[in-house]
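Participant: Input: one structure, supplied below.
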Amino acid sequence: MRSSFNPFSRGTLFVLSMMVFAASAHAQINTGSAAKVESLLYHINKMYVDSVDDEQLIDAAIVSMLEELDPHSIYIPREDLEDVNEPLKGNFEGVGIQFNIVKDTIYVVDAIAGGPSERLGIRAGDRIIGIDTENVAGVGFKNSDVMDRLRGKKGSKVNVSILRRGEPNPLEFTITRDKIPIYSVEAGYMATPSIGYIKVSRFSATTMTEFRSKLDELKALGMEDLVLDLQGNGGGYLRTAIDMADEFLGDKKLIVYTEGRTSPRDDTYATKDGRMEKGKLVVMVDEGSASASEIVSGAIQDWDRGLVVGRRSFGKGLVQRPVMLPDGSAVRLTVSRYYTPSGRSIQKPYDEGVEAYQRERIERLAKGELSSVDSIHTTDTVKFFTMNKRIVYGGGGIMPDVFVPIDTTLSSPYFGQLVRKGILNTYALAYVDENRRTLLTQYHNVAEFDKDFVIGPDLFKGLERAAEQEGVEMDPADKIRSKDLIALRLKALIARDLWDTSAYWQVINTDNPVDRTFQRAIEALSDNTFQKLGMAKP
């Protein structure tokens, strides 16, 4: 019942079944197998030519054993357990800033709302030059170095020295660390006077509080219909997915059921209280939408409550349960499969191994699936039926009701280097740092900025110079090919640095030349798509 994120790097390791050894005190197992493993470990310690690390051997064996099961049964060493769980808990302890390292300087991108840094007045564009008594400017710090020094237990203190544009001397702050929220609702705004948009990036412990608050906020602004963006959402807590689906479905409607070899079928139904049971709904998905995202979109699709728009989702239909091991490490063990209300299993095949399983999503582009609906081939040919008798399939993800291809013709090696080397990010940050006051005076909100701000020749030339300083030469053909894509990404990043992440998505969605899923979602809410597909009247 957890996310599929794997924190442990799994290489080609020899299979030594130490999982049995570690679990022997807790479960009924084959005593012969346990004795064999224990005997081998004994002889390695007594006879092996070099000294060995027992813990490292056992960790390697556990990983290898789990690789024989399925791609989502994973091992988490005890030192990684807290970091892995942080995104799902919805908070961590620290000072509450987002930062980028630009030319060996730590720039504050944003002070998280409600966090201790924001309360002290630290703001975007500030440059951190000292942490406690240590100089951190121009010394080759990495992201991990900054995080190691700024994170810490709630109530502990850290001193930071900050340079701020317009201030002649460094500003000194003493920050008392606190719990910092990790927001899973990245964006929410009114796309039209009656259509709201909400982007959810994960299903964490705090997601529903954020989501309900955003629903209420948009309803107060006149929202009648909703676009729910689950693109790239890799999942999270099963309970959170159920609660989200419950907001859209009427009382006693089946949301999902789970069933496994030792786990009897367990049905979960909607309750009578939902904030968005009326009004049209579109759920946006893509090849990165997995697990909890597929539970929500599958339930919406099976009940004909809304349209699923985009591309085939990832295909994770396995449920994990945490198992703690004696040394404080843990295993997320697959215990059952989940099924959509119509009876579909969304899980894609994994019998060719973990690497092939993970590679399958990348291979979809090479096979043409992301650009042509005719190239999509699900592994399960059994027909299932929605409430209105529309045919749907399982066995490899949620197939969208409305397919939207991506356009790869605008991408280029030059654009790829601008993104991968962080040049677009750092250039946007530097530009905003120099022009923040002017921009905020000229553009009072995101809508005005999105409508009127243009990436002109001067900005392009500045970006080219910044790229050259990083060793990236501009190719004239690539520039022509990717000009619109570069301009859109740069404009969105400038909006983010001026306001917040929601502003980034508001700009990206407006006229995305590569992926028109959002535009198609808005069209579907405004034309007769619902009627043509025989959808139930919301």
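In the structure tokens, the first chain shown is A, the next is B, and so on; residue numbers restart at 1 for each chain, and ligands run from 1 in the order shown.
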Give me the residues near Tyr197 (chain A) as a PyMOL selection string, where near means some atom within 10 Å (using only C-alpha atoms) and where sequence neighbours in that chain fewer than 3 positions away do not count.

Facilitator: chain A and resi 187-192+214-215+218+223+225-229+282+505-506+518+522

Participant: Can you list, as a PyMOL selection string, every protein, DNA or RNA residue that comes within 9 Å of Val102 (chain A) when you count only C-alpha atoms, leaving out same-chain residues fewer than 2 positions away?

Facilitator: chain A and resi 100+104-107+426-427+429-430

Participant: Convert the current residue selection to file output with N, CA, C and O atoms, as a JSON list (two decimals), in the first residue's frame.

Facilitator:
```json
[["chain", "number", "residue", "atom", "x", "y", "z"],
["A", 100, "ASN", "N", 18.84, 26.61, -5.36],
["A", 100, "ASN", "CA", 19.64, 26.16, -6.50],
["A", 100, "ASN", "C", 21.07, 26.62, -6.28],
["A", 100, "ASN", "O", 21.30, 27.69, -5.68],
["A", 104, "ASP", "N", 28.50, 28.20, -8.19],
["A", 104, "ASP", "CA", 29.08, 27.99, -6.86],
["A", 104, "ASP", "C", 28.48, 28.90, -5.79],
["A", 104, "ASP", "O", 29.09, 29.16, -4.76],
["A", 105, "THR", "N", 27.27, 29.40, -6.08],
["A", 105, "THR", "CA", 26.57, 30.25, -5.11],
["A", 105, "THR", "C", 25.20, 29.63, -4.81],
["A", 105, "THR", "O", 24.49, 29.21, -5.72],
["A", 106, "ILE", "N", 24.83, 29.59, -3.53],
["A", 106, "ILE", "CA", 23.56, 29.00, -3.12],
["A", 106, "ILE", "C", 22.48, 30.08, -3.19],
["A", 106, "ILE", "O", 22.47, 31.02, -2.38],
["A", 107, "TYR", "N", 21.58, 29.96, -4.14],
["A", 107, "TYR", "CA", 20.48, 30.90, -4.30],
["A", 107, "TYR", "C", 19.21, 30.32, -3.67],
["A", 107, "TYR", "O", 18.88, 29.15, -3.89],
["A", 426, "THR", "N", 18.89, 28.13, -13.99],
["A", 426, "THR", "CA", 19.77, 29.14, -13.39],
["A", 426, "THR", "C", 19.66, 30.48, -14.09],
["A", 426, "THR", "O", 19.74, 31.53, -13.44],
["A", 427, "TYR", "N", 19.45, 30.47, -15.40],
["A", 427, "TYR", "CA", 19.32, 31.73, -16.12],
["A", 427, "TYR", "C", 18.02, 32.44, -15.70],
["A", 427, "TYR", "O", 18.00, 33.67, -15.50],
["A", 429, "LEU", "N", 16.47, 32.14, -12.86],
["A", 429, "LEU", "CA", 16.67, 32.61, -11.49],
["A", 429, "LEU", "C", 17.48, 33.90, -11.46],
["A", 429, "LEU", "O", 17.13, 34.86, -10.76],
["A", 430, "ALA", "N", 18.57, 33.95, -12.26],
["A", 430, "ALA", "CA", 19.40, 35.16, -12.30],
["A", 430, "ALA", "C", 18.63, 36.34, -12.89],
["A", 430, "ALA", "O", 18.75, 37.48, -12.41]]
```

Participant: What separation in Å, quoted to one decimal, exists between CA of Ala428 (chain A) and CA of Ile494 (chain A)?

Facilitator: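 Computed distance, CA of Ala428 (chain A) to CA of Ile494 (chain A), equals 5.2 Å.
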
Participant: Within 6 Å of region 389-404 of chain A, counting only C-alpha atoms, which residues qualify if same-chain residues fewer than 4 places away don't, as a ChimeraX atom specification?

Facilitator: /A:308-315,344-348,378-380,383-385,517

Participant: Enumerate, in order of chain and increasing residue number, the residues of region 263-307 of chain A with an atom no farther than 9 Å from region 247-251 of chain A, each with its shortest atom pair and distance in Å to one decimal, counting only C-alpha atoms, as CSV.

Facilitator:
```
residue,atom,partner,partner_atom,distance
A:Tyr269,CA,A:Asp251,CA,7.6
A:Ala270,CA,A:Asp251,CA,5.2
A:Thr271,CA,A:Asp251,CA,4.5
A:Lys272,CA,A:Asp251,CA,4.0
A:Asp273,CA,A:Glu247,CA,7.2
A:Gly274,CA,A:Glu247,CA,3.9
A:Arg275,CA,A:Glu247,CA,5.3
A:Met276,CA,A:Phe248,CA,5.0
A:Glu277,CA,A:Phe248,CA,4.4
A:Lys278,CA,A:Phe248,CA,7.6
A:Leu281,CA,A:Phe248,CA,8.6
A:Ala299,CA,A:Leu249,CA,8.6
A:Ile300,CA,A:Leu249,CA,7.7
A:Trp303,CA,A:Leu249,CA,8.2
A:Arg305,CA,A:Leu249,CA,7.3
```

Participant: Could you check the closest approach to Leu66 (chain A) for each of A:Gly456, A:Gly298, A:Gly353, A:Pro413 and tell me which residue wins, using only C-alpha atoms?

Facilitator: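 Among the listed residues, A:Gly353 lies closest to Leu66 (chain A).
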
Participant: Here is a test: counting only C-alpha atoms, which residue of A:Val37, A:Asp267, A:Ser411, A:Ser297 is nearest to Leu57 (chain A)?

Facilitator: A:Val37

Participant: Nearest to Arg337 (chain A): which of A:Gly317, A:Gly288, A:Pro322, A:Gly138 is it, counting only C-alpha atoms?

Facilitator: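 Under the stated criterion, the closest residue is A:Gly317.
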
Participant: Rounded to one decimal in Å, what is the spacing between CA of Lys154 (chain A) and CA of Arg127 (chain A)?

Facilitator: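 Distance between the two atoms: 23.6 Å.
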
Participant: Just checking: using only C-alpha atoms, which residue out of A:Leu459, A:Ile129, A:Val419, A:Ala487 ends up closest to Asn169 (chain A)?

Facilitator: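 Closest candidate: A:Ile129.
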
Participant: As a list in words, please: the residues near Gly94 (chain A) (cut-off 9 Å, only C-alpha atoms, same-chain neighbours under 2 positions excluded).

Facilitator: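 In the requested form, the answer reads Phe92, Gly96, Ile97, Gly115, Pro116, Met147, Leu150, Arg151, Gly152, Lys153, Lys154, Ser156, Thr176, Arg177, Asp178, Lys179 and Ile180 of chain A.
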
Participant: Once you have the residues from the selection above, write them out as a tab-separated table (two decimals), in the first residue's frame, restricted to all heavy atoms.

Facilitator:
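Ended up saving to part_30.tsv:
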```tsv
chain	number	residue	atom	x	y	z
A	92	PHE	N	9.16	17.27	6.56
A	92	PHE	CA	10.48	16.93	7.07
A	92	PHE	C	10.88	18.05	8.02
A	92	PHE	O	10.17	19.04	8.18
A	92	PHE	CB	11.50	16.78	5.93
A	92	PHE	CG	11.75	18.05	5.16
A	92	PHE	CD1	12.79	18.90	5.50
A	92	PHE	CD2	10.93	18.41	4.09
A	92	PHE	CE1	13.02	20.07	4.81
A	92	PHE	CE2	11.16	19.59	3.39
A	92	PHE	CZ	12.20	20.42	3.75
A	96	GLY	N	13.30	25.10	5.70
A	96	GLY	CA	12.18	25.43	4.83
A	96	GLY	C	12.51	26.36	3.68
A	96	GLY	O	11.85	27.38	3.50
A	97	ILE	N	13.54	26.00	2.89
A	97	ILE	CA	13.80	26.75	1.66
A	97	ILE	C	13.98	25.78	0.50
A	97	ILE	O	14.33	24.61	0.69
A	97	ILE	CB	15.07	27.63	1.75
A	97	ILE	CG1	16.32	26.77	1.92
A	97	ILE	CG2	14.94	28.69	2.82
A	97	ILE	CD1	17.61	27.52	1.67
A	115	GLY	N	7.03	28.14	6.76
A	115	GLY	CA	8.26	27.58	7.32
A	115	GLY	C	9.04	28.63	8.09
A	115	GLY	O	8.77	29.83	8.01
A	116	PRO	N	10.05	28.20	8.85
A	116	PRO	CA	10.79	29.15	9.69
A	116	PRO	C	11.57	30.21	8.91
A	116	PRO	O	11.71	31.34	9.36
A	116	PRO	CB	11.76	28.24	10.47
A	116	PRO	CG	11.81	26.96	9.70
A	116	PRO	CD	10.49	26.81	9.04
A	147	MET	N	22.03	20.44	2.14
A	147	MET	CA	20.96	19.78	2.89
A	147	MET	C	21.49	19.23	4.21
A	147	MET	O	20.81	19.31	5.24
A	147	MET	CB	20.35	18.68	2.04
A	147	MET	CG	19.57	19.20	0.84
A	147	MET	SD	19.01	17.91	-0.28
A	147	MET	CE	17.81	17.06	0.74
A	150	LEU	N	21.59	22.26	6.58
A	150	LEU	CA	20.38	23.01	6.90
A	150	LEU	C	19.28	22.14	7.52
A	150	LEU	O	18.45	22.65	8.27
A	150	LEU	CB	19.84	23.69	5.64
A	150	LEU	CG	20.72	24.79	5.06
A	150	LEU	CD1	20.04	25.43	3.85
A	150	LEU	CD2	21.03	25.86	6.10
A	151	ARG	N	19.27	20.86	7.20
A	151	ARG	CA	18.29	19.99	7.85
A	151	ARG	C	18.73	19.66	9.27
A	151	ARG	O	19.91	19.68	9.58
A	151	ARG	CB	18.10	18.71	7.05
A	151	ARG	CG	17.28	18.90	5.79
A	151	ARG	CD	16.83	17.57	5.21
A	151	ARG	NE	15.99	17.76	4.05
A	151	ARG	CZ	15.35	16.78	3.44
A	151	ARG	NH1	15.45	15.54	3.86
A	151	ARG	NH2	14.59	17.02	2.38
A	152	GLY	N	17.76	19.35	10.11
A	152	GLY	CA	18.07	19.01	11.49
A	152	GLY	C	16.80	18.87	12.30
A	152	GLY	O	15.70	19.11	11.81
A	153	LYS	N	16.96	18.49	13.54
A	153	LYS	CA	15.81	18.24	14.39
A	153	LYS	C	15.03	19.52	14.70
A	153	LYS	O	15.62	20.60	14.84
A	153	LYS	CB	16.25	17.59	15.71
A	153	LYS	CG	16.80	16.19	15.54
A	153	LYS	CD	15.73	15.23	15.05
A	153	LYS	CE	16.25	13.80	14.95
A	153	LYS	NZ	15.23	12.87	14.41
A	154	LYS	N	13.72	19.36	14.78
A	154	LYS	CA	12.86	20.48	15.15
A	154	LYS	C	13.33	21.08	16.47
A	154	LYS	O	13.61	20.37	17.44
A	154	LYS	CB	11.42	19.98	15.27
A	154	LYS	CG	10.43	21.05	15.73
A	154	LYS	CD	9.03	20.47	15.86
A	154	LYS	CE	8.05	21.54	16.36
A	154	LYS	NZ	6.68	21.00	16.47
A	156	SER	N	16.14	22.79	16.92
A	156	SER	CA	17.56	23.13	16.85
A	156	SER	C	17.74	24.39	16.01
A	156	SER	O	16.87	24.76	15.22
A	156	SER	CB	18.37	21.97	16.27
A	156	SER	OG	17.95	21.68	14.94
A	176	THR	N	15.37	28.77	13.63
A	176	THR	CA	15.00	27.62	14.46
A	176	THR	C	14.29	26.60	13.59
A	176	THR	O	13.22	26.87	13.03
A	176	THR	CB	14.09	28.05	15.62
A	176	THR	OG1	14.76	29.05	16.40
A	176	THR	CG2	13.75	26.86	16.50
A	177	ARG	N	14.91	25.46	13.42
A	177	ARG	CA	14.35	24.44	12.53
A	177	ARG	C	12.97	23.99	13.02
A	177	ARG	O	12.68	24.01	14.22
A	177	ARG	CB	15.28	23.24	12.43
A	177	ARG	CG	16.65	23.56	11.81
A	177	ARG	CD	17.49	22.31	11.70
A	177	ARG	NE	18.78	22.53	11.08
A	177	ARG	CZ	19.91	22.71	11.74
A	177	ARG	NH1	19.90	22.72	13.08
A	177	ARG	NH2	21.06	22.89	11.09
A	178	ASP	N	12.15	23.58	12.07
A	178	ASP	CA	10.78	23.19	12.39
A	178	ASP	C	10.34	22.13	11.39
A	178	ASP	O	11.08	21.78	10.46
A	178	ASP	CB	9.86	24.41	12.30
A	178	ASP	CG	8.59	24.26	13.12
A	178	ASP	OD1	8.28	23.11	13.54
A	178	ASP	OD2	7.90	25.27	13.33
A	179	LYS	N	9.13	21.62	11.56
A	179	LYS	CA	8.57	20.70	10.57
A	179	LYS	C	8.20	21.50	9.32
A	179	LYS	O	7.52	22.52	9.42
A	179	LYS	CB	7.34	19.98	11.13
A	179	LYS	CG	7.68	18.83	12.07
A	179	LYS	CD	6.49	17.94	12.33
A	179	LYS	CE	6.87	16.74	13.19
A	179	LYS	NZ	7.81	15.84	12.49
A	180	ILE	N	8.64	21.02	8.17
A	180	ILE	CA	8.41	21.72	6.91
A	180	ILE	C	7.47	20.90	6.06
A	180	ILE	O	7.73	19.72	5.80
A	180	ILE	CB	9.74	21.93	6.15
A	180	ILE	CG1	10.81	22.55	7.07
A	180	ILE	CG2	9.50	22.77	4.91
A	180	ILE	CD1	10.44	23.87	7.65
```

Participant: Just asking: which residues within region 446-527 of chain A are helix (DSSP H, G or I) according to DSSP, as a PyMOL selection string?

Facilitator: chain A and resi 446-452+457-469+476-498+501-510+517-526

Participant: If you measure from CA of Ile486 (chain A) to CA of Asp407 (chain A), what distance in Å do you get, rounded to one decimal?

Facilitator: 14.3 Å
